[in-house]
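Asker: input16.cif is reproduced below (mmCIF, C-alpha atoms).
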data_structure
#
loop_
_atom_site.label_atom_id
_atom_site.label_comp_id
_atom_site.auth_asym_id
_atom_site.auth_seq_id
_atom_site.Cartn_x
_atom_site.Cartn_y
_atom_site.Cartn_z
CA MET W 1 -1.15 -50.86 41.56
CA ASP W 2 -3.47 -48.97 39.24
CA LYS W 3 -2.82 -45.29 40.02
CA SER W 4 -6.29 -44.35 38.82
CA LEU W 5 -7.67 -46.10 41.90
CA ARG W 6 -5.80 -43.56 44.03
CA ILE W 7 -7.63 -40.81 42.20
CA ILE W 8 -10.98 -42.50 42.65
CA ASP W 9 -10.37 -43.19 46.34
CA ALA W 10 -9.31 -39.60 47.07
CA ASN W 11 -12.31 -38.17 45.29
CA LEU W 12 -14.76 -40.57 46.90
CA ASN W 13 -13.56 -39.30 50.26
CA ARG W 14 -13.77 -35.70 49.09
CA ALA W 15 -17.29 -36.15 47.76
CA ARG W 16 -18.60 -37.81 50.92
CA GLU W 17 -16.98 -35.21 53.15
CA GLY W 18 -18.38 -32.33 51.09
CA LEU W 19 -21.89 -33.72 51.09
CA ARG W 20 -21.77 -34.46 54.82
CA THR W 21 -20.71 -30.87 55.49
CA ALA W 22 -23.73 -29.56 53.58
CA GLU W 23 -25.99 -32.16 55.20
CA GLU W 24 -25.05 -30.99 58.69
CA TYR W 25 -25.84 -27.41 57.67
CA ALA W 26 -29.25 -28.47 56.40
CA ARG W 27 -30.01 -30.55 59.49
CA LEU W 28 -28.59 -28.47 62.34
CA VAL W 29 -28.59 -24.89 61.04
CA LEU W 30 -31.64 -24.77 58.77
CA ASN W 31 -33.60 -27.59 60.43
CA ASP W 32 -34.71 -28.48 56.90
CA ALA W 33 -35.47 -32.19 56.70
CA PRO W 34 -36.03 -32.41 52.90
CA SER W 35 -32.63 -30.88 52.12
CA ALA W 36 -30.87 -33.05 54.70
CA GLN W 37 -32.54 -36.15 53.25
CA ALA W 38 -31.59 -35.21 49.68
CA LEU W 39 -27.95 -34.84 50.71
CA LYS W 40 -28.03 -38.10 52.66
CA ASP W 41 -29.45 -39.89 49.63
CA ALA W 42 -26.60 -38.56 47.48
CA ARG W 43 -24.05 -39.83 50.02
CA ARG W 44 -25.63 -43.27 49.94
CA GLN W 45 -25.33 -43.33 46.18
CA ILE W 46 -21.62 -42.60 46.52
CA GLN W 47 -21.24 -45.48 48.95
CA GLY W 48 -22.78 -47.80 46.39
CA CYS W 49 -20.27 -46.58 43.81
CA ALA W 50 -17.36 -47.14 46.22
CA GLU W 51 -18.41 -50.69 47.03
CA SER W 52 -18.30 -51.65 43.36
CA PHE W 53 -14.49 -51.31 43.37
CA GLY W 54 -13.94 -53.84 46.15
CA PRO W 55 -11.00 -53.96 48.59
CA GLY W 56 -8.50 -52.83 45.96
CA LEU W 57 -9.70 -49.27 46.35
CA LEU W 58 -8.60 -48.92 49.96
CA ALA W 59 -5.34 -50.72 49.24
CA ALA W 60 -4.54 -48.10 46.60
CA ARG W 61 -4.56 -45.27 49.15
CA ASP W 62 -1.09 -43.76 49.63
CA ILE W 63 -1.22 -40.70 51.85
CA VAL W 64 2.54 -40.62 52.52
CA ASN W 65 3.39 -40.13 48.85
CA ASP W 66 0.48 -37.82 48.04
CA VAL W 67 2.16 -34.58 46.94
CA GLY W 68 -1.13 -32.73 47.33
CA ALA W 69 -1.85 -33.85 50.89
CA ARG W 70 -2.40 -31.05 53.41
CA PRO W 71 -2.36 -32.46 56.95
CA GLU W 72 -3.21 -29.04 58.40
CA ALA W 73 -6.40 -27.05 57.82
CA ASP W 74 -6.75 -25.43 54.41
CA ASP W 75 -5.97 -21.73 54.32
CA VAL W 76 -9.47 -20.61 53.28
CA ALA W 77 -11.93 -18.08 54.61
CA ARG W 78 -15.55 -18.95 55.31
CA ALA W 79 -17.73 -16.06 56.42
CA THR W 80 -20.98 -17.92 57.10
CA GLU W 81 -22.40 -21.38 57.70
CA GLN W 82 -24.01 -21.12 54.27
CA GLY W 83 -20.60 -20.45 52.74
CA VAL W 84 -19.22 -23.59 54.38
CA ALA W 85 -22.10 -25.68 53.01
CA ALA W 86 -21.83 -24.17 49.53
CA ALA W 87 -18.11 -24.92 49.38
CA GLY W 88 -18.71 -28.48 50.53
CA LEU W 89 -21.29 -29.07 47.80
CA LYS W 90 -19.06 -27.68 45.06
CA ARG W 91 -16.20 -29.84 46.29
CA ALA W 92 -18.44 -32.90 46.18
CA GLN W 93 -19.73 -32.14 42.68
CA GLU W 94 -16.23 -31.68 41.30
CA ALA W 95 -15.04 -34.89 42.96
CA LEU W 96 -17.95 -36.87 41.55
CA ARG W 97 -17.10 -35.70 38.05
CA VAL W 98 -13.53 -36.90 38.54
CA ILE W 99 -14.77 -40.27 39.78
CA GLU W 100 -17.11 -40.55 36.82
CA GLU W 101 -14.27 -40.01 34.35
CA PHE W 102 -11.69 -42.33 35.92
CA ALA W 103 -14.22 -45.02 36.78
CA GLN W 104 -14.66 -45.58 33.05
CA LEU W 105 -11.28 -47.35 33.20
CA HIS W 106 -12.68 -49.91 35.61
CA SER W 107 -16.46 -50.15 35.60
CA PRO W 108 -19.06 -48.43 33.42
CA ALA W 109 -21.60 -49.23 36.16
CA ALA W 110 -19.50 -47.39 38.74
CA ALA W 111 -19.13 -44.44 36.37
CA ALA W 112 -22.89 -44.36 35.90
CA ALA W 113 -23.40 -44.46 39.67
CA ALA W 114 -21.03 -41.51 40.09
CA ALA W 115 -22.94 -39.57 37.45
CA LYS W 116 -26.23 -40.29 39.20
CA ALA W 117 -24.78 -39.12 42.51
CA ARG W 118 -23.47 -35.95 40.85
CA TYR W 119 -26.89 -35.03 39.51
CA SER W 120 -28.38 -35.83 42.90
CA ALA W 121 -25.89 -33.37 44.39
CA TYR W 122 -27.01 -30.73 41.89
CA ALA W 123 -30.63 -31.30 42.90
CA ALA W 124 -29.69 -31.20 46.59
CA GLU W 125 -27.94 -27.87 46.04
CA GLN W 126 -31.18 -26.46 44.64
CA GLN W 127 -33.08 -27.86 47.61
CA LEU W 128 -30.62 -26.33 50.04
CA PHE W 129 -30.22 -22.84 48.63
CA VAL W 130 -33.58 -22.19 46.93
CA ASN W 131 -36.21 -24.45 48.46
CA ALA W 132 -34.98 -24.45 52.05
CA PRO W 133 -35.03 -20.64 52.47
CA ARG W 134 -38.57 -20.56 51.13
CA ARG W 135 -39.61 -23.33 53.49
CA ALA W 136 -37.97 -21.40 56.34
CA VAL W 137 -40.08 -18.31 55.65
CA LEU W 138 -43.12 -20.56 55.43
CA ARG W 139 -42.30 -22.29 58.71
CA GLU W 140 -41.49 -19.05 60.52
CA SER W 141 -44.62 -17.18 59.37
CA PRO W 142 -47.36 -17.84 61.92
CA VAL W 143 -49.98 -15.93 59.90
CA MET W 144 -50.62 -16.30 56.18
CA ALA W 145 -52.48 -13.31 54.76
CA LEU W 146 -55.15 -14.44 52.31
CA PHE W 147 -55.17 -11.41 50.07
CA SER W 148 -57.74 -10.19 47.57
CA GLY W 149 -57.37 -6.78 46.01
CA THR W 150 -61.11 -6.60 45.48
CA LEU W 151 -62.02 -7.26 49.12
CA THR W 152 -59.79 -4.81 50.98
CA ARG W 153 -61.40 -2.07 53.03
CA ASP W 154 -58.89 0.49 51.73
CA ASP W 155 -56.64 0.65 48.68
CA TRP W 156 -54.93 -2.74 48.50
CA ARG W 157 -51.47 -1.15 48.32
CA ASP W 158 -52.04 0.64 51.62
CA VAL W 159 -53.29 -2.57 53.23
CA LEU W 160 -50.27 -4.47 51.93
CA LYS W 161 -47.83 -1.83 53.12
CA SER W 162 -49.39 -1.90 56.60
CA LEU W 163 -48.99 -5.68 56.75
CA LEU W 164 -45.42 -5.64 55.47
CA ASN W 165 -44.40 -2.97 57.95
CA ARG W 166 -45.56 -5.16 60.84
CA GLY W 167 -43.73 -8.24 59.64
CA ALA W 168 -46.09 -10.12 57.33
CA ARG W 169 -44.02 -12.21 54.92
CA LEU W 170 -46.44 -14.84 53.64
CA PHE W 171 -49.28 -14.07 51.25
CA GLN W 172 -51.76 -16.12 49.27
CA LEU W 173 -53.48 -14.25 46.45
CA ARG W 174 -57.06 -15.35 46.01
CA GLU W 175 -59.14 -13.66 43.31
CA LYS W 176 -62.38 -15.42 42.43
CA ASP W 177 -64.04 -12.62 40.48
CA ARG W 178 -61.22 -11.29 38.29
CA THR W 179 -60.60 -12.46 34.76
CA THR W 180 -57.35 -14.32 34.13
CA ALA W 181 -55.80 -11.23 32.56
CA GLU W 182 -56.88 -9.06 35.49
CA PHE W 183 -55.60 -11.57 38.02
CA LYS W 184 -52.25 -11.73 36.23
CA ARG W 185 -51.86 -7.94 36.22
CA PHE W 186 -52.81 -7.72 39.89
CA ALA W 187 -50.40 -10.53 40.86
CA GLU W 188 -47.55 -8.88 38.96
CA ALA W 189 -48.18 -5.57 40.72
CA PHE W 190 -48.44 -7.31 44.10
CA ILE W 191 -45.18 -9.24 43.64
CA ASN W 192 -43.45 -6.04 42.59
CA CYS W 193 -44.55 -4.43 45.88
CA VAL W 194 -43.11 -7.21 48.08
CA GLU W 195 -39.88 -8.05 46.25
CA ASP W 196 -37.72 -6.04 48.68
CA TYR W 197 -39.19 -7.74 51.77
CA ASN W 198 -38.18 -11.38 51.24
CA ALA W 199 -41.89 -12.21 51.26
CA LEU W 200 -43.47 -15.29 49.71
CA VAL W 201 -46.44 -15.06 47.35
CA VAL W 202 -48.47 -18.14 46.40
CA ILE W 203 -51.42 -18.10 44.04
CA ASN W 204 -54.70 -19.72 45.01
CA ASP W 205 -55.96 -22.36 42.54
CA ARG W 206 -54.50 -20.82 39.39
CA THR W 207 -51.31 -22.65 38.46
CA ASP W 208 -51.32 -20.86 35.11
CA VAL W 209 -51.25 -17.45 36.79
CA ALA W 210 -48.56 -18.62 39.24
CA TYR W 211 -46.41 -19.72 36.32
CA ALA W 212 -47.03 -16.54 34.33
CA VAL W 213 -45.97 -14.20 37.15
CA SER W 214 -43.16 -16.40 38.57
CA ALA W 215 -44.87 -16.62 41.95
CA ASP W 216 -43.26 -18.61 44.76
CA GLY W 217 -45.90 -21.28 44.45
CA VAL W 218 -49.53 -22.29 44.24
CA HIS W 219 -52.23 -23.38 46.64
CA LEU W 220 -54.45 -26.18 45.36
CA GLY W 221 -57.85 -27.41 46.50
CA GLN W 222 -58.97 -31.01 46.54
CA ASP W 223 -60.73 -30.52 43.19
CA ASP W 224 -57.95 -28.49 41.55
CA LEU W 225 -55.00 -29.67 39.50
CA PRO W 226 -53.23 -32.59 41.24
CA LEU W 227 -50.15 -31.64 43.27
CA GLU W 228 -47.70 -33.54 41.06
CA ASP W 229 -48.99 -31.74 37.96
CA GLY W 230 -48.65 -28.39 39.68
CA ARG W 231 -44.99 -29.17 40.37
CA LYS W 232 -44.43 -30.22 36.77
CA ILE W 233 -45.70 -26.85 35.60
CA LEU W 234 -44.00 -24.65 38.20
CA GLY W 235 -40.79 -26.63 38.65
CA PRO W 236 -39.09 -28.27 41.64
CA THR W 237 -38.41 -25.03 43.55
CA ALA W 238 -42.07 -23.98 43.77
CA LEU W 239 -44.03 -24.16 46.99
CA VAL W 240 -47.23 -26.18 46.76
CA GLY W 241 -49.91 -26.02 49.41
CA VAL W 242 -53.04 -28.16 49.54
CA SER W 243 -56.45 -27.55 51.11
CA THR W 244 -57.44 -30.39 53.43
CA HIS W 245 -60.48 -31.13 55.56
CA ASN W 246 -59.49 -34.18 57.59
CA LEU W 247 -56.48 -36.15 58.79
CA THR W 248 -56.44 -38.51 55.80
CA GLU W 249 -56.32 -35.69 53.26
CA ALA W 250 -53.63 -33.89 55.26
CA LYS W 251 -51.39 -36.96 55.52
CA ASP W 252 -51.91 -37.77 51.84
CA ALA W 253 -50.88 -34.23 50.89
CA GLU W 254 -47.69 -34.47 52.96
CA GLN W 255 -46.84 -37.86 51.48
CA MET W 256 -47.27 -36.47 47.95
CA GLY W 257 -44.81 -33.69 48.72
CA ALA W 258 -46.91 -30.72 49.79
CA ASP W 259 -44.92 -27.96 51.49
CA TYR W 260 -47.84 -27.07 53.74
CA VAL W 261 -51.54 -27.78 54.14
CA GLY W 262 -54.51 -25.57 54.80
CA LEU W 263 -56.89 -27.18 57.29
CA GLY W 264 -60.48 -26.12 57.62
CA ALA W 265 -62.84 -24.64 57.72
CA MET W 266 -62.38 -23.87 61.40
CA PHE W 267 -65.28 -21.44 61.73
CA HIS W 268 -68.04 -20.05 59.54
CA THR W 269 -66.80 -17.45 57.08
CA GLN W 270 -68.32 -15.04 54.58
CA THR W 271 -65.15 -14.90 52.45
CA LYS W 272 -65.98 -18.07 50.54
CA LYS W 273 -68.58 -20.82 50.49
CA VAL W 274 -67.69 -23.44 53.09
CA GLN W 275 -67.98 -26.98 51.72
CA SER W 276 -66.64 -28.76 54.81
CA MET W 277 -66.78 -27.48 58.39
CA ALA W 278 -63.89 -29.12 60.22
CA GLY W 279 -64.00 -27.25 63.51
CA PRO W 280 -61.14 -26.41 65.90
CA SER W 281 -60.94 -29.88 67.44
CA LEU W 282 -59.53 -31.26 64.18
CA VAL W 283 -56.31 -29.33 64.78
CA SER W 284 -55.36 -31.56 67.71
CA GLN W 285 -55.74 -34.61 65.47
CA VAL W 286 -53.78 -33.30 62.49
CA GLN W 287 -51.03 -31.07 63.93
CA PRO W 288 -49.12 -33.85 65.80
CA GLU W 289 -49.20 -36.14 62.76
CA LEU W 290 -47.58 -33.81 60.21
CA GLN W 291 -44.04 -32.50 59.84
CA ILE W 292 -45.03 -29.70 57.44
CA PRO W 293 -46.83 -26.50 58.54
CA VAL W 294 -50.58 -26.78 59.10
CA PHE W 295 -52.39 -23.50 58.43
CA CYS W 296 -55.81 -23.40 60.06
CA ILE W 297 -58.25 -21.52 57.84
CA GLY W 298 -61.81 -20.29 57.82
CA GLY W 299 -63.38 -17.43 59.78
CA ILE W 300 -60.36 -16.90 62.05
CA ASN W 301 -60.10 -13.62 63.92
CA ARG W 302 -58.79 -12.17 67.15
CA ALA W 303 -61.82 -13.39 69.09
CA ASN W 304 -61.48 -17.09 68.26
CA VAL W 305 -57.77 -17.65 67.60
CA ALA W 306 -57.19 -18.61 71.25
CA GLU W 307 -59.50 -21.59 70.79
CA LEU W 308 -57.29 -22.84 67.96
CA VAL W 309 -54.16 -22.32 70.05
CA GLY W 310 -55.79 -24.43 72.75
CA HIS W 311 -55.98 -27.28 70.25
CA GLY W 312 -52.31 -26.91 69.30
CA ALA W 313 -52.48 -24.57 66.29
CA ARG W 314 -49.19 -22.98 65.26
CA HIS W 315 -50.16 -21.36 61.96
CA ILE W 316 -53.30 -19.66 60.70
CA ALA W 317 -54.49 -18.23 57.38
CA VAL W 318 -56.61 -15.10 57.66
CA SER W 319 -58.49 -12.99 55.12
CA SER W 320 -61.27 -10.60 56.13
CA ALA W 321 -60.01 -10.00 59.69
CA LEU W 322 -56.90 -8.46 58.11
CA LEU W 323 -58.22 -6.95 54.89
CA ASN W 324 -61.11 -5.15 56.59
CA ALA W 325 -59.29 -4.03 59.71
CA PRO W 326 -58.84 -0.28 60.32
CA ASP W 327 -55.15 -1.01 60.89
CA PRO W 328 -54.25 -4.30 59.12
CA GLY W 329 -50.69 -4.30 60.42
CA ALA W 330 -51.78 -3.89 64.03
CA GLU W 331 -54.35 -6.66 63.56
CA TYR W 332 -51.66 -8.91 62.10
CA LYS W 333 -49.43 -8.28 65.12
CA LEU W 334 -52.29 -9.11 67.52
CA LEU W 335 -52.90 -12.41 65.75
CA VAL W 336 -49.22 -13.27 65.83
CA ASP W 337 -49.06 -12.49 69.53
CA ALA W 338 -52.15 -14.62 70.13
CA LEU W 339 -50.33 -17.55 68.53
CA GLY W 340 -47.41 -16.96 70.85
CA GLU W 341 -45.00 -16.37 67.98
CA ARG W 342 -42.56 -13.57 67.22
CA ALA W 343 -43.65 -10.90 64.76
#
Can you give me the file's structure in the form of structure tokens?
Answerer:
Amino acid sequence: MDKSLRIIDANLNRAREGLRTAEEYARLVLNDAPSAQALKDARRQIQGCAESFGPGLLAARDIVNDVGARPEADDVARATEQGVAAAGLKRAQEALRVIEEFAQLHSPAAAAAAAKARYSAYAAEQQLFVNAPRRAVLRESPVMALFSGTLTRDDWRDVLKSLLNRGARLFQLREKDRTTAEFKRFAEAFINCVEDYNALVVINDRTDVAYAVSADGVHLGQDDLPLEDGRKILGPTALVGVSTHNLTEAKDAEQMGADYVGLGAMFHTQTKKVQSMAGPSLVSQVQPELQIPVFCIGGINRANVAELVGHGARHIAVSSALLNAPDPGAEYKLLVDALGERA
């Protein structure tokens, strides 16, 4: 019996077990479908590698004579579910490297498959521990504050502090009248103000500014840079939102990998020129069809948010109703309560 097959068999089991541990964390703790799918895909790649060895692989297993076998639970400490998942992923990555090396003795194709699975595990780790927490904040933020430093009733820092103190954690910076240099300086100052609050900041339209200030992502309109190009510039961990005006655009955005969509305009607004008036009834068409958050946008305030809720809205994006309020934080809390969400 080729003893190297024992090594490959043991590490195939270790890799699958480690990935499954992380997958369960993604699925049942984080409720993050993209991370769970990435981990599942990596497991399937491992299965393909295992099948290339045929029945001789299982025959090589020798648990009785394995001097490293530990029939009882390992004596390790895990403080959190995240710690369990992280350990599982590292175990899988190490095992896949071992498989890759020893598979060279049997099948270059199997070695290549192990390498592919290892890099998939690296990508899944990034999904799980960088992308998933951002998506969680996105999913758990019922109100996105559309923020412009030039449109606030009071000093923008005071408005921001009021919002942060009442729980706002999702901001989209939209500056139509600033130069690129001015927008960059403002965005840098804004991000510096929110860095201790675990808040997300996405930049409207300007992928270049988002890249320059290391923002969490970018929001793109239908006539802006295509989504896939935005991801190329900002990298795989960036959030990308897309403005949509109907069900087809919303489903297309989700299929292309958008993290959320803006849907509107719901009502008439003075904040920007409305090119397409969708109306509240569109929410009931789009919301049930998408798995990603749908942020209703356009003229939303305390007086009309209930109409959106009646059509199934779960998320809204608001500008002037917050920026011009005497107490922006209190207004934010009222909107959150109107949506039936926790502040």
Asker: Would you write out, as number ranges by chain, every residue that the PyMOL selection byres ((chain W and resi 256-271) around 8) captures in this file?
Answerer: W: 135, 227-228, 239-246, 250, 252-255, 272-274, 276-280, 283, 292-300, 317, 319-320
Asker: What would the selection look like, as a list in words, if the PyMOL selection byres ((chain W and resi 218) around 9) were run on the coordinates I just shared?
Answerer: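 Written out, the selection comes to Gln172, Val201, Val202, Ile203, Asn204, Asp205, Arg206, Thr207, Ala210, Tyr211, Ala215, Asp216, Gly217, His219, Leu220, Gly230, Leu234, Ala238, Leu239, Val240, Gly241 and Val242 of chain W.
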Asker: My list of candidates is W:Asp41, W:Glu23, W:Asp327, W:Asp224. Which is closest to W:Thr152 when distances are computed with only C-alpha atoms?
Answerer: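 Using only C-alpha atoms, W:Thr152 sits closest to W:Asp327.
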Asker: Determine the residue membership of the PyMOL selection byres ((chain W and resi 85) around 12) for the file above and supply it as a PDB file with C-alpha atoms, in the coordinates of the input.
Answerer:
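What follows is the written file result37.pdb:
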ATOM      1  CA  GLU W  17     -16.980 -35.210  53.150  1.00  0.00           C
ATOM      2  CA  GLY W  18     -18.380 -32.330  51.090  1.00  0.00           C
ATOM      3  CA  LEU W  19     -21.890 -33.720  51.090  1.00  0.00           C
ATOM      4  CA  ARG W  20     -21.770 -34.460  54.820  1.00  0.00           C
ATOM      5  CA  THR W  21     -20.710 -30.870  55.490  1.00  0.00           C
ATOM      6  CA  ALA W  22     -23.730 -29.560  53.580  1.00  0.00           C
ATOM      7  CA  GLU W  23     -25.990 -32.160  55.200  1.00  0.00           C
ATOM      8  CA  GLU W  24     -25.050 -30.990  58.690  1.00  0.00           C
ATOM      9  CA  TYR W  25     -25.840 -27.410  57.670  1.00  0.00           C
ATOM     10  CA  ALA W  26     -29.250 -28.470  56.400  1.00  0.00           C
ATOM     11  CA  ARG W  27     -30.010 -30.550  59.490  1.00  0.00           C
ATOM     12  CA  LEU W  28     -28.590 -28.470  62.340  1.00  0.00           C
ATOM     13  CA  VAL W  29     -28.590 -24.890  61.040  1.00  0.00           C
ATOM     14  CA  LEU W  30     -31.640 -24.770  58.770  1.00  0.00           C
ATOM     15  CA  SER W  35     -32.630 -30.880  52.120  1.00  0.00           C
ATOM     16  CA  ALA W  36     -30.870 -33.050  54.700  1.00  0.00           C
ATOM     17  CA  LEU W  39     -27.950 -34.840  50.710  1.00  0.00           C
ATOM     18  CA  ARG W  78     -15.550 -18.950  55.310  1.00  0.00           C
ATOM     19  CA  ALA W  79     -17.730 -16.060  56.420  1.00  0.00           C
ATOM     20  CA  THR W  80     -20.980 -17.920  57.100  1.00  0.00           C
ATOM     21  CA  GLU W  81     -22.400 -21.380  57.700  1.00  0.00           C
ATOM     22  CA  GLN W  82     -24.010 -21.120  54.270  1.00  0.00           C
ATOM     23  CA  GLY W  83     -20.600 -20.450  52.740  1.00  0.00           C
ATOM     24  CA  VAL W  84     -19.220 -23.590  54.380  1.00  0.00           C
ATOM     25  CA  ALA W  86     -21.830 -24.170  49.530  1.00  0.00           C
ATOM     26  CA  ALA W  87     -18.110 -24.920  49.380  1.00  0.00           C
ATOM     27  CA  GLY W  88     -18.710 -28.480  50.530  1.00  0.00           C
ATOM     28  CA  LEU W  89     -21.290 -29.070  47.800  1.00  0.00           C
ATOM     29  CA  LYS W  90     -19.060 -27.680  45.060  1.00  0.00           C
ATOM     30  CA  ARG W  91     -16.200 -29.840  46.290  1.00  0.00           C
ATOM     31  CA  ALA W  92     -18.440 -32.900  46.180  1.00  0.00           C
ATOM     32  CA  ALA W 124     -29.690 -31.200  46.590  1.00  0.00           C
ATOM     33  CA  GLU W 125     -27.940 -27.870  46.040  1.00  0.00           C
ATOM     34  CA  LEU W 128     -30.620 -26.330  50.040  1.00  0.00           C
ATOM     35  CA  PHE W 129     -30.220 -22.840  48.630  1.00  0.00           C
TER      36      PHE W 129
END
Asker: Excluding W:Val309 and its own-chain neighbours fewer than 5 positions away, which residues fall within 9 Å of it when counting all atoms listed in the file? Please give them as a count of residues only.
Answerer: 4
Asker: Find the distance between atom CA of W:Ala313 and atom CA of W:Pro34 and write it in Å to one decimal.
Answerer: 22.6 Å
Asker: Please output stretch 40-51 of chain W, rebuilt to include N, CA and C atoms, as a short mmCIF file (atom, residue, chain, number, x, y, z; two decimals), in the frame of the given file.
Answerer:
data_model
loop_
_atom_site.label_atom_id
_atom_site.label_comp_id
_atom_site.auth_asym_id
_atom_site.auth_seq_id
_atom_site.Cartn_x
_atom_site.Cartn_y
_atom_site.Cartn_z
N LYS W 40 -28.30 -36.75 52.16
CA LYS W 40 -28.03 -38.10 52.66
C LYS W 40 -28.19 -39.13 51.55
N ASP W 41 -29.23 -38.96 50.73
CA ASP W 41 -29.45 -39.89 49.63
C ASP W 41 -28.28 -39.87 48.64
N ALA W 42 -27.75 -38.67 48.39
CA ALA W 42 -26.60 -38.56 47.48
C ALA W 42 -25.38 -39.26 48.07
N ARG W 43 -25.17 -39.13 49.37
CA ARG W 43 -24.05 -39.83 50.02
C ARG W 43 -24.20 -41.35 49.90
N ARG W 44 -25.41 -41.82 50.04
CA ARG W 44 -25.63 -43.27 49.94
C ARG W 44 -25.35 -43.77 48.53
N GLN W 45 -25.65 -42.96 47.56
CA GLN W 45 -25.33 -43.33 46.18
C GLN W 45 -23.82 -43.43 45.97
N ILE W 46 -23.08 -42.55 46.60
CA ILE W 46 -21.62 -42.60 46.52
C ILE W 46 -21.09 -43.86 47.16
N GLN W 47 -21.69 -44.25 48.28
CA GLN W 47 -21.24 -45.48 48.95
C GLN W 47 -21.44 -46.69 48.05
N GLY W 48 -22.55 -46.71 47.33
CA GLY W 48 -22.78 -47.80 46.39
C GLY W 48 -21.73 -47.84 45.30
N CYS W 49 -21.33 -46.65 44.84
CA CYS W 49 -20.27 -46.58 43.81
C CYS W 49 -18.96 -47.10 44.38
N ALA W 50 -18.62 -46.72 45.60
CA ALA W 50 -17.36 -47.14 46.22
C ALA W 50 -17.30 -48.65 46.39
N GLU W 51 -18.39 -49.25 46.79
CA GLU W 51 -18.41 -50.69 47.03
C GLU W 51 -18.18 -51.49 45.76
#
